[in-house]
$ cat coords_21.cif   # mmCIF, C-alpha atoms
data_query
#
loop_
_atom_site.label_atom_id
_atom_site.label_comp_id
_atom_site.auth_asym_id
_atom_site.auth_seq_id
_atom_site.Cartn_x
_atom_site.Cartn_y
_atom_site.Cartn_z
CA MET A 1 -16.73 -10.73 -15.71
CA ARG A 2 -15.75 -7.54 -13.86
CA ALA A 3 -19.26 -7.42 -12.35
CA LEU A 4 -18.87 -10.89 -10.81
CA PRO A 5 -18.25 -9.73 -7.20
CA PHE A 6 -21.26 -7.41 -7.34
CA LEU A 7 -23.52 -10.16 -8.72
CA ALA A 8 -22.43 -12.38 -5.85
CA LEU A 9 -23.03 -9.51 -3.42
CA ALA A 10 -26.55 -9.00 -4.75
CA GLY A 11 -27.25 -12.68 -4.27
CA LEU A 12 -26.10 -12.60 -0.66
CA VAL A 13 -28.12 -9.46 0.12
CA SER A 14 -31.28 -11.22 -1.02
CA THR A 15 -30.87 -14.10 1.45
CA PRO A 16 -33.47 -14.41 4.23
CA ALA A 17 -30.70 -14.38 6.87
CA LEU A 18 -30.95 -10.57 6.96
CA ALA A 19 -34.02 -10.66 9.22
CA ASP A 20 -32.30 -9.83 12.54
CA PRO A 21 -32.09 -6.30 13.99
CA ILE A 22 -29.72 -4.04 12.10
CA ALA A 23 -26.95 -2.06 13.83
CA LEU A 24 -25.70 0.98 11.86
CA LYS A 25 -22.25 2.52 12.18
CA PRO A 26 -21.24 5.70 10.29
CA ILE A 27 -17.92 5.95 8.42
CA VAL A 28 -16.26 9.37 8.15
CA ASP A 29 -12.57 9.99 7.36
CA VAL A 30 -11.52 13.53 6.44
CA ARG A 31 -7.98 14.61 5.54
CA LEU A 32 -6.60 18.04 4.67
CA ARG A 33 -3.05 17.88 3.29
CA TYR A 34 -0.43 20.19 1.84
CA GLU A 35 2.41 18.65 -0.19
CA HIS A 36 5.39 20.63 -1.51
CA VAL A 37 7.83 19.08 -3.99
CA GLU A 38 11.13 20.37 -5.39
CA GLN A 39 12.54 18.20 -8.16
CA ALA A 40 15.50 18.80 -10.47
CA PRO A 41 15.64 19.79 -13.28
CA LEU A 42 12.10 21.26 -13.11
CA THR A 43 12.24 24.97 -12.35
CA ARG A 44 8.70 25.13 -10.94
CA ASP A 45 7.77 23.46 -7.67
CA ALA A 46 4.59 21.57 -6.85
CA ASP A 47 2.28 22.95 -4.17
CA ALA A 48 -0.69 20.63 -3.72
CA LEU A 49 -3.40 21.47 -1.20
CA THR A 50 -6.02 18.73 -1.23
CA ALA A 51 -9.02 17.75 0.86
CA ARG A 52 -10.19 14.15 0.90
CA ILE A 53 -13.33 12.77 2.52
CA ARG A 54 -14.50 9.18 2.76
CA SER A 55 -18.03 8.75 4.05
CA GLY A 56 -20.51 5.91 4.29
CA PHE A 57 -21.93 3.38 6.70
CA GLU A 58 -21.74 -0.22 7.84
CA ALA A 59 -24.90 -2.16 8.68
CA LYS A 60 -24.59 -5.37 10.71
CA THR A 61 -27.25 -8.00 11.26
CA GLY A 62 -26.65 -11.52 12.45
CA ASP A 63 -23.68 -13.00 10.60
CA PHE A 64 -23.76 -10.35 7.85
CA ALA A 65 -22.26 -6.86 7.51
CA PHE A 66 -22.94 -4.55 4.56
CA LEU A 67 -20.62 -1.59 3.94
CA ALA A 68 -20.91 1.29 1.48
CA GLU A 69 -18.37 4.12 1.24
CA SER A 70 -17.83 7.02 -1.15
CA GLU A 71 -14.56 8.87 -1.69
CA ALA A 72 -14.03 12.42 -2.90
CA THR A 73 -10.82 14.44 -3.39
CA LEU A 74 -10.86 18.19 -3.96
CA ALA A 75 -7.79 19.89 -5.44
CA MET A 76 -7.88 23.20 -3.58
CA SER A 77 -4.61 24.36 -5.14
CA PRO A 78 -3.96 23.66 -8.86
CA ALA A 79 -0.20 24.30 -8.70
CA TYR A 80 0.92 20.70 -9.17
CA ASN A 81 0.99 17.93 -11.73
CA SER A 82 -1.74 15.51 -10.66
CA GLY A 83 -0.79 13.05 -13.38
CA LEU A 84 -3.99 13.90 -15.25
CA ASN A 85 -4.19 17.71 -15.38
CA GLY A 86 -1.40 18.26 -17.94
CA LYS A 87 0.84 20.42 -15.74
CA VAL A 88 4.00 18.53 -16.61
CA ASP A 89 6.21 21.56 -15.89
CA ARG A 90 5.72 20.81 -12.17
CA PRO A 91 6.58 17.70 -10.12
CA LEU A 92 4.06 14.89 -9.85
CA VAL A 93 1.75 14.65 -6.84
CA SER A 94 -0.47 11.63 -7.46
CA ASP A 95 -3.68 13.05 -5.96
CA PRO A 96 -6.02 14.00 -8.84
CA GLN A 97 -9.42 15.49 -8.15
CA ASN A 98 -11.93 12.68 -7.93
CA ILE A 99 -15.28 11.37 -6.72
CA GLU A 100 -16.12 7.69 -6.76
CA LEU A 101 -17.53 4.65 -5.02
CA ASN A 102 -14.61 3.48 -2.91
CA ARG A 103 -16.08 0.40 -1.22
CA LEU A 104 -19.31 -1.59 -1.57
CA GLN A 105 -19.08 -4.96 0.11
CA LEU A 106 -21.00 -7.65 1.94
CA GLN A 107 -19.25 -9.72 4.59
CA TYR A 108 -20.36 -13.02 6.07
CA HIS A 109 -19.00 -14.50 9.31
CA GLY A 110 -19.55 -18.23 9.17
CA PRO A 111 -18.69 -21.25 11.31
CA ASP A 112 -15.12 -22.30 12.13
CA LYS A 113 -13.93 -18.65 11.98
CA THR A 114 -14.78 -18.27 8.31
CA ILE A 115 -15.10 -14.81 6.76
CA VAL A 116 -16.28 -14.24 3.19
CA THR A 117 -16.14 -10.70 1.75
CA VAL A 118 -17.72 -9.94 -1.62
CA GLY A 119 -17.66 -6.68 -3.59
CA ARG A 120 -15.43 -3.63 -3.85
CA GLN A 121 -13.12 -3.82 -0.86
CA ARG A 122 -9.86 -2.77 0.76
CA ILE A 123 -7.22 -5.52 0.87
CA ASN A 124 -4.00 -5.26 2.88
CA LEU A 125 -1.95 -8.46 3.01
CA ASP A 126 0.92 -8.90 5.49
CA ASP A 127 3.05 -5.73 5.43
CA GLN A 128 1.44 -4.59 2.11
CA ARG A 129 4.67 -5.26 0.20
CA PHE A 130 2.77 -7.12 -2.51
CA VAL A 131 -0.92 -6.19 -2.07
CA GLY A 132 -2.21 -3.06 -0.34
CA ALA A 133 -4.68 -0.20 -0.37
CA VAL A 134 -2.13 2.62 -0.94
CA GLY A 135 -3.62 4.52 2.00
CA TRP A 136 -1.04 7.31 1.74
CA ARG A 137 -2.61 8.65 -1.45
CA ASP A 138 -5.92 10.51 -1.33
CA ASN A 139 -7.61 8.09 -3.74
CA GLU A 140 -7.38 4.62 -2.26
CA GLN A 141 -6.66 1.46 -4.28
CA THR A 142 -9.52 -1.04 -3.89
CA PHE A 143 -10.41 -4.36 -5.46
CA ASP A 144 -13.59 -5.84 -6.95
CA ALA A 145 -13.10 -9.22 -5.38
CA VAL A 146 -14.27 -12.28 -3.51
CA ARG A 147 -12.13 -12.94 -0.44
CA PHE A 148 -12.19 -16.05 1.76
CA GLU A 149 -10.51 -16.10 5.19
CA TRP A 150 -10.43 -19.14 7.43
CA SER A 151 -8.78 -19.67 10.82
CA GLY A 152 -10.64 -22.74 12.10
CA VAL A 153 -7.44 -24.46 13.21
CA ARG A 154 -5.49 -22.95 16.08
CA ASN A 155 -2.57 -20.75 14.95
CA LEU A 156 -3.35 -21.38 11.27
CA LYS A 157 -4.94 -18.90 8.86
CA ALA A 158 -5.77 -19.28 5.17
CA ASP A 159 -6.52 -16.20 3.06
CA LEU A 160 -7.58 -16.54 -0.57
CA THR A 161 -8.76 -13.75 -2.90
CA TYR A 162 -9.95 -13.64 -6.48
CA ALA A 163 -10.05 -10.07 -7.86
CA ASN A 164 -11.20 -9.32 -11.38
CA ASN A 165 -10.75 -5.56 -11.22
CA VAL A 166 -8.43 -3.06 -9.52
CA ARG A 167 -9.67 0.48 -8.86
CA THR A 168 -6.49 2.56 -8.94
CA ILE A 169 -5.36 5.76 -7.23
CA TRP A 170 -5.97 7.72 -10.47
CA GLY A 171 -9.73 7.92 -9.91
CA ILE A 172 -12.54 8.17 -12.43
CA ASP A 173 -10.62 10.41 -14.87
CA GLY A 174 -7.64 8.08 -15.18
CA GLY A 175 -6.36 7.23 -18.64
CA ASN A 176 -3.21 6.65 -20.66
CA SER A 177 -1.93 10.19 -20.15
CA PHE A 178 1.41 11.62 -21.31
CA GLY A 179 2.92 8.23 -22.06
CA ALA A 180 2.22 6.78 -18.59
CA ALA A 181 -0.44 4.15 -17.87
CA ARG A 182 -2.59 5.99 -15.31
CA LEU A 183 -5.77 3.98 -15.70
CA SER A 184 -8.84 4.35 -13.50
CA GLU A 185 -9.34 0.58 -13.39
CA ILE A 186 -7.46 -2.50 -14.53
CA GLY A 187 -9.26 -5.76 -15.24
CA GLY A 188 -7.78 -9.23 -14.95
CA ASP A 189 -7.95 -12.54 -13.12
CA ASN A 190 -5.84 -11.81 -10.04
CA VAL A 191 -5.33 -14.44 -7.34
CA PHE A 192 -3.81 -13.69 -3.91
CA ALA A 193 -3.18 -16.67 -1.63
CA ASN A 194 -1.70 -16.65 1.89
CA LEU A 195 -1.25 -19.42 4.42
CA GLY A 196 0.10 -18.35 7.80
CA PHE A 197 1.14 -20.30 10.88
CA THR A 198 1.74 -18.46 14.16
CA THR A 199 4.30 -19.66 16.71
CA ARG A 200 5.69 -18.24 19.96
CA ILE A 201 8.52 -16.52 18.10
CA GLY A 202 6.65 -15.25 15.02
CA THR A 203 4.40 -15.98 12.07
CA LEU A 204 5.51 -18.01 9.06
CA THR A 205 3.57 -17.18 5.89
CA GLY A 206 3.66 -18.82 2.49
CA PHE A 207 2.18 -16.84 -0.39
CA ALA A 208 1.36 -16.92 -4.09
CA TYR A 209 0.37 -13.77 -5.98
CA LEU A 210 -0.82 -14.03 -9.58
CA VAL A 211 -1.12 -10.51 -10.99
CA ASP A 212 -3.06 -10.46 -14.28
CA GLN A 213 -3.44 -7.05 -15.94
CA ASP A 214 -5.55 -7.15 -19.09
CA GLN A 215 -5.15 -3.60 -20.45
CA LYS A 216 -2.42 -3.50 -23.09
CA GLN A 217 -0.77 -0.46 -21.48
CA VAL A 218 0.09 -2.56 -18.42
CA PHE A 219 0.62 -6.07 -19.84
CA VAL A 220 4.21 -5.80 -18.55
CA ASN A 221 2.94 -5.78 -14.95
CA SER A 222 1.49 -9.29 -15.15
CA SER A 223 3.57 -11.62 -12.99
CA GLN A 224 3.51 -14.73 -10.83
CA THR A 225 5.22 -14.52 -7.45
CA TYR A 226 5.77 -17.33 -4.95
CA GLY A 227 7.53 -17.01 -1.63
CA GLY A 228 7.50 -16.92 2.14
CA ARG A 229 7.88 -14.52 5.04
CA PHE A 230 8.71 -14.91 8.72
CA ALA A 231 8.18 -12.02 11.13
CA GLY A 232 7.97 -11.79 14.89
CA ALA A 233 9.22 -10.39 18.15
CA TRP A 234 10.91 -11.78 21.26
CA PRO A 235 11.06 -10.07 24.68
CA LEU A 236 14.58 -9.94 26.04
CA SER A 237 13.38 -8.40 29.30
CA THR A 238 10.40 -6.46 30.62
CA LEU A 239 11.80 -3.33 28.94
CA VAL A 240 13.58 -4.66 25.83
CA LYS A 241 12.09 -6.43 22.83
CA LEU A 242 13.80 -7.85 19.74
CA THR A 243 11.96 -7.68 16.40
CA TYR A 244 12.87 -9.47 13.17
CA ALA A 245 11.62 -10.28 9.68
CA ALA A 246 12.90 -12.28 6.73
CA SER A 247 11.36 -12.91 3.33
CA PHE A 248 12.15 -14.53 0.00
CA ALA A 249 10.15 -14.62 -3.22
CA SER A 250 10.65 -15.68 -6.82
CA GLN A 251 8.90 -13.87 -9.68
CA SER A 252 8.45 -14.50 -13.40
CA ASN A 253 6.29 -13.29 -16.27
CA TYR A 254 2.62 -14.30 -16.37
CA HIS A 255 -0.37 -14.26 -18.72
CA ARG A 256 -0.01 -11.57 -21.44
CA ASN A 257 3.30 -10.13 -20.29
CA PRO A 258 5.46 -9.83 -23.44
CA ASN A 259 8.68 -10.02 -21.41
CA VAL A 260 10.23 -13.33 -20.40
CA TYR A 261 12.13 -12.92 -17.15
CA HIS A 262 12.92 -14.29 -13.71
CA ALA A 263 13.91 -12.25 -10.64
CA ASN A 264 14.16 -12.86 -6.90
CA TYR A 265 13.30 -10.84 -3.80
CA TYR A 266 15.12 -10.91 -0.43
CA LEU A 267 14.49 -9.10 2.83
CA GLY A 268 16.30 -9.23 6.15
CA GLU A 269 15.36 -6.89 9.00
CA ALA A 270 16.13 -6.71 12.72
CA GLY A 271 15.26 -4.21 15.39
CA VAL A 272 15.24 -3.56 19.10
CA ALA A 273 12.69 -1.67 21.18
CA VAL A 274 13.76 -0.22 24.54
CA LYS A 275 10.68 1.27 26.19
CA ALA A 276 9.55 3.96 23.72
CA LEU A 277 12.77 3.92 21.66
CA THR A 278 12.99 1.73 18.55
CA LEU A 279 16.00 1.01 16.34
CA THR A 280 15.59 -0.96 13.10
CA GLY A 281 17.96 -1.92 10.31
CA GLY A 282 17.30 -3.86 7.14
CA TYR A 283 18.41 -4.88 3.69
CA GLU A 284 15.90 -5.37 0.87
CA VAL A 285 16.74 -6.63 -2.62
CA LEU A 286 14.45 -6.48 -5.63
CA GLY A 287 16.45 -8.50 -8.11
CA ALA A 288 17.15 -7.92 -11.79
CA ASP A 289 17.16 -10.32 -14.73
CA LYS A 290 19.19 -9.00 -17.68
CA GLY A 291 18.76 -5.25 -17.25
CA VAL A 292 15.77 -4.86 -19.59
CA ALA A 293 13.00 -2.46 -18.51
CA VAL A 294 10.25 -4.04 -16.37
CA THR A 295 12.07 -7.39 -16.09
CA SER A 296 13.27 -6.72 -12.55
CA PHE A 297 11.18 -7.71 -9.52
CA GLN A 298 7.99 -5.60 -9.53
CA THR A 299 5.16 -5.10 -7.00
CA PRO A 300 2.55 -2.99 -8.87
CA LEU A 301 -0.28 -3.68 -6.38
CA ALA A 302 1.70 -2.84 -3.23
CA THR A 303 1.37 0.15 -0.93
CA LEU A 304 4.61 1.38 -2.47
CA HIS A 305 5.02 4.59 -0.43
CA LYS A 306 5.82 2.43 2.63
CA PHE A 307 8.97 1.06 1.01
CA ASN A 308 12.25 2.35 -0.47
CA GLY A 309 11.94 5.93 0.74
CA TRP A 310 9.12 8.45 0.98
CA ALA A 311 10.38 10.44 -2.02
CA ASP A 312 8.80 7.68 -4.17
CA LYS A 313 11.68 7.39 -6.62
CA PHE A 314 11.42 3.59 -6.87
CA LEU A 315 7.70 2.96 -7.43
CA VAL A 316 8.80 0.97 -10.49
CA THR A 317 11.91 -1.12 -9.85
CA PRO A 318 14.77 0.01 -12.19
CA PRO A 319 15.88 -2.38 -14.97
CA ASN A 320 19.04 -3.24 -13.01
CA GLY A 321 17.10 -3.99 -9.84
CA LEU A 322 17.31 -2.33 -6.44
CA ARG A 323 19.18 -2.89 -3.19
CA ASP A 324 18.00 -0.83 -0.24
CA LEU A 325 20.15 -0.69 2.90
CA TYR A 326 18.21 1.22 5.54
CA GLY A 327 18.09 2.19 9.18
CA THR A 328 15.31 3.77 11.23
CA ILE A 329 15.11 5.33 14.68
CA GLY A 330 11.86 6.19 16.40
CA TYR A 331 10.61 7.47 19.73
CA GLY A 332 7.08 7.83 21.07
CA TRP A 333 5.29 9.40 24.00
CA LYS A 334 1.82 8.68 25.34
CA LYS A 335 -0.30 11.18 27.28
CA LYS A 336 2.23 13.96 26.84
CA ALA A 337 1.67 17.75 26.53
CA GLY A 338 -2.10 17.28 26.56
CA LEU A 339 -1.96 14.86 23.60
CA ASP A 340 -2.81 11.17 23.46
CA ALA A 341 0.35 10.29 21.54
CA ILE A 342 3.43 11.86 19.94
CA GLY A 343 5.72 9.97 17.58
CA LEU A 344 9.05 10.86 15.97
CA THR A 345 10.72 8.81 13.21
CA ALA A 346 13.84 9.26 11.07
CA SER A 347 15.26 6.94 8.39
CA TYR A 348 18.28 6.67 6.12
CA HIS A 349 18.41 4.71 2.84
CA ARG A 350 21.33 3.82 0.61
CA PHE A 351 20.11 2.70 -2.81
CA ASP A 352 22.20 0.56 -5.17
CA SER A 353 21.51 -1.58 -8.23
CA ASP A 354 21.26 -5.36 -8.03
CA ARG A 355 23.53 -5.73 -11.08
CA LEU A 356 26.44 -3.65 -12.47
CA GLY A 357 27.32 -2.19 -9.05
CA LEU A 358 25.61 1.20 -9.55
CA HIS A 359 25.01 3.59 -6.66
CA TYR A 360 21.61 5.14 -7.29
CA GLY A 361 21.52 7.65 -4.45
CA ASN A 362 20.76 8.23 -0.77
CA GLU A 363 17.67 9.41 1.05
CA ILE A 364 16.82 10.87 4.46
CA ASP A 365 13.23 10.74 5.75
CA ALA A 366 11.74 12.26 8.90
CA GLN A 367 8.27 12.43 10.43
CA ALA A 368 6.47 13.77 13.48
CA SER A 369 2.91 12.73 14.33
CA PHE A 370 0.50 14.03 16.98
CA LYS A 371 -2.76 12.38 18.03
CA LYS A 372 -5.60 13.80 20.13
CA GLY A 373 -8.91 11.99 20.23
CA LYS A 374 -10.16 11.56 16.67
CA TYR A 375 -7.59 14.04 15.27
CA THR A 376 -4.16 13.17 13.87
CA ALA A 377 -1.63 15.77 12.69
CA LEU A 378 1.43 14.90 10.64
CA VAL A 379 4.59 16.72 9.54
CA LYS A 380 6.81 14.77 7.13
CA TYR A 381 9.94 15.30 5.02
CA ALA A 382 11.87 13.33 2.38
CA ASP A 383 15.19 14.28 0.73
CA TYR A 384 16.54 12.11 -2.10
CA ASP A 385 20.13 12.86 -3.18
CA ALA A 386 20.59 11.31 -6.65
CA ASP A 387 23.80 9.78 -7.96
CA THR A 388 23.11 7.62 -11.04
CA PHE A 389 19.31 7.23 -10.86
CA ALA A 390 16.50 9.83 -11.10
CA THR A 391 17.11 13.39 -9.88
CA ASP A 392 17.43 15.28 -6.61
CA THR A 393 14.00 15.54 -4.98
CA ARG A 394 12.72 17.09 -1.78
CA LYS A 395 9.20 16.64 -0.43
CA PHE A 396 7.42 18.20 2.53
CA TRP A 397 3.96 17.41 3.91
CA VAL A 398 1.64 18.82 6.55
CA SER A 399 -1.69 17.10 7.14
CA LEU A 400 -4.61 17.00 9.55
CA GLU A 401 -6.99 14.02 9.68
CA TRP A 402 -10.25 13.39 11.54
CA ALA A 403 -11.89 10.00 11.52
CA ILE A 404 -14.62 8.07 13.33
#

$ encode --input "coords_21.cif" --output "structure tokens"
Amino acid sequence: MRALPFLALAGLVSTPALADPIALKPIVDVRLRYEHVEQAPLTRDADALTARIRSGFEAKTGDFAFLAESEATLAMSPAYNSGLNGKVDRPLVSDPQNIELNRLQLQYHGPDKTIVTVGRQRINLDDQRFVGAVGWRDNEQTFDAVRFEWSGVRNLKADLTYANNVRTIWGIDGGNSFGAARLSEIGGDNVFANLGFTTRIGTLTGFAYLVDQDQKQVFVNSSQTYGGRFAGAWPLSTLVKLTYAASFASQSNYHRNPNVYHANYYLGEAGVAVKALTLTGGYEVLGADKGVAVTSFQTPLATLHKFNGWADKFLVTPPNGLRDLYGTIGYGWKKKAGLDAIGLTASYHRFDSDRLGLHYGNEIDAQASFKKGKYTALVKYADYDADTFATDTRKFWVSLEWAI
């Protein structure tokens, strides 16, 4: 069953429609990154220097596009716990050495704005809160899937995916290491469904996510989630724009999950942009049930680094749930100091439990990015100050990326 998307892909490749001229486009994405982590009570720090390259091509002919992409990560410095190398005396940096097939897909553009994508593919839905490619990590999360997108009615878009395998960030050497489920792939019958309607003031999306994880180590991640999201922007003047987002979802156990639970999710966010200055504030709640492990609201297939602080202390929602009160300020320049773009961002998070009134801790994040042509440089910092959850953690990154 896991080979189903590739069997469908092979069938599409063999169709006579691929008789038109073929246009080839190369894919190259190279990233060199240094990550330093200090984490109490570990006495040794993590110093991870990694190089990641994605390379491949896309061939287009008529209504079809075929894409193949490899991914390789080289651990140039071994002084960190990759999650698989056994160096548990150092903090975790989830970038193990790896080489694999990242994407292999065939896409068909049909009538009435229909797109069908078959094979191993990258899937980012909405803001990636529930399903994403985890692009921050060196080894991307991809899906062996069949995806159907349709927008044949004005302002309406339907997006339906069946995925029977998830290729995780742990790469080809992933396994059940040191008591943590760090699997290279996870089979199951996953269904992701979105229906979005766009208006003048924003987009209203209804969604259903059925996460089915068949390996016994991760049965507890199987869940069914139903909800909605509204996000948009409204110009107050030629210089000022208001942004806003709201979301609600309800989640319960699904398929082989041994836990019986129910938890809710809430998000409210508002911001204002004045020329290049942006101010955003929000409140996100991942609810708890009865305080039992892995019975709070979970999003195991999300791009988790985007949410709840860059120190990554809440990749798994605590048993008592999570409330994240946050604020962000950002400023950007274009065509400044010989660069195409410069961006500065700083955020503050206050983390509390959803039940029992616990204060988990606070976090400060900051980032500076610089773009010139095909190059992007990044300097980034996260400082988590623990109270009743996890431990004090500081992270620092410097990276340089080149992509075509």

$ residues_near_point --input "coords_21.cif" --point "(4.1, -13.2, 5.6)" --cutoff "6 Å" --atoms "all atoms listed in the file" --output "VMD selection string"
chain A and resid 126 205 229 to 230

$ atom_distance --input "coords_21.cif" --atom1 "atom CA of Asp212 of chain A" --atom2 "atom CA of Gly188 of chain A"
4.9 Å

$ atom_distance --input "coords_21.cif" --atom1 "atom CA of Arg154 of chain A" --atom2 "atom CA of Gly232 of chain A"
17.5 Å

$ resolve_selection --input "coords_21.cif" --expression "the PyMOL selection byres ((chain A and resi 293) around 12)" --output "VMD selection string"
chain A and resid 220 to 221 258 to 261 288 to 292 294 to 298 316 to 321

$ residues_around --input "coords_21.cif" --residues "segment 97-111 of chain A" --least-positions-apart "6" --cutoff "8 Å" --atoms "all atoms listed in the file" --output "list in words"
Leu9, Leu12, Val13, Asp63, Phe64, Ala65, Phe66, Leu67, Ala68, Glu69, Ser70, Glu71, Ala72, Thr73, Leu74, Ala75, Thr117, Val118, Gly119, Arg120, Gln121, Arg122, Asn139, Glu140, Thr142, Gly171, Ile172 and Asp173 of chain A

$ write_last_selection --input "coords_21.cif" --atoms "C-alpha atoms" --output "compact mmCIF listing (two decimals), keeping the file's coordinate frame"
# COMPACT_ATOMS: atom_id res chain seq x y z
CA LEU A 9 -23.03 -9.51 -3.42
CA LEU A 12 -26.10 -12.60 -0.66
CA VAL A 13 -28.12 -9.46 0.12
CA ASP A 63 -23.68 -13.00 10.60
CA PHE A 64 -23.76 -10.35 7.85
CA ALA A 65 -22.26 -6.86 7.51
CA PHE A 66 -22.94 -4.55 4.56
CA LEU A 67 -20.62 -1.59 3.94
CA ALA A 68 -20.91 1.29 1.48
CA GLU A 69 -18.37 4.12 1.24
CA SER A 70 -17.83 7.02 -1.15
CA GLU A 71 -14.56 8.87 -1.69
CA ALA A 72 -14.03 12.42 -2.90
CA THR A 73 -10.82 14.44 -3.39
CA LEU A 74 -10.86 18.19 -3.96
CA ALA A 75 -7.79 19.89 -5.44
CA THR A 117 -16.14 -10.70 1.75
CA VAL A 118 -17.72 -9.94 -1.62
CA GLY A 119 -17.66 -6.68 -3.59
CA ARG A 120 -15.43 -3.63 -3.85
CA GLN A 121 -13.12 -3.82 -0.86
CA ARG A 122 -9.86 -2.77 0.76
CA ASN A 139 -7.61 8.09 -3.74
CA GLU A 140 -7.38 4.62 -2.26
CA THR A 142 -9.52 -1.04 -3.89
CA GLY A 171 -9.73 7.92 -9.91
CA ILE A 172 -12.54 8.17 -12.43
CA ASP A 173 -10.62 10.41 -14.87

$ atom_distance --input "coords_21.cif" --atom1 "atom CA of Gly373 of chain A" --atom2 "atom CA of Trp397 of chain A"
21.5 Å
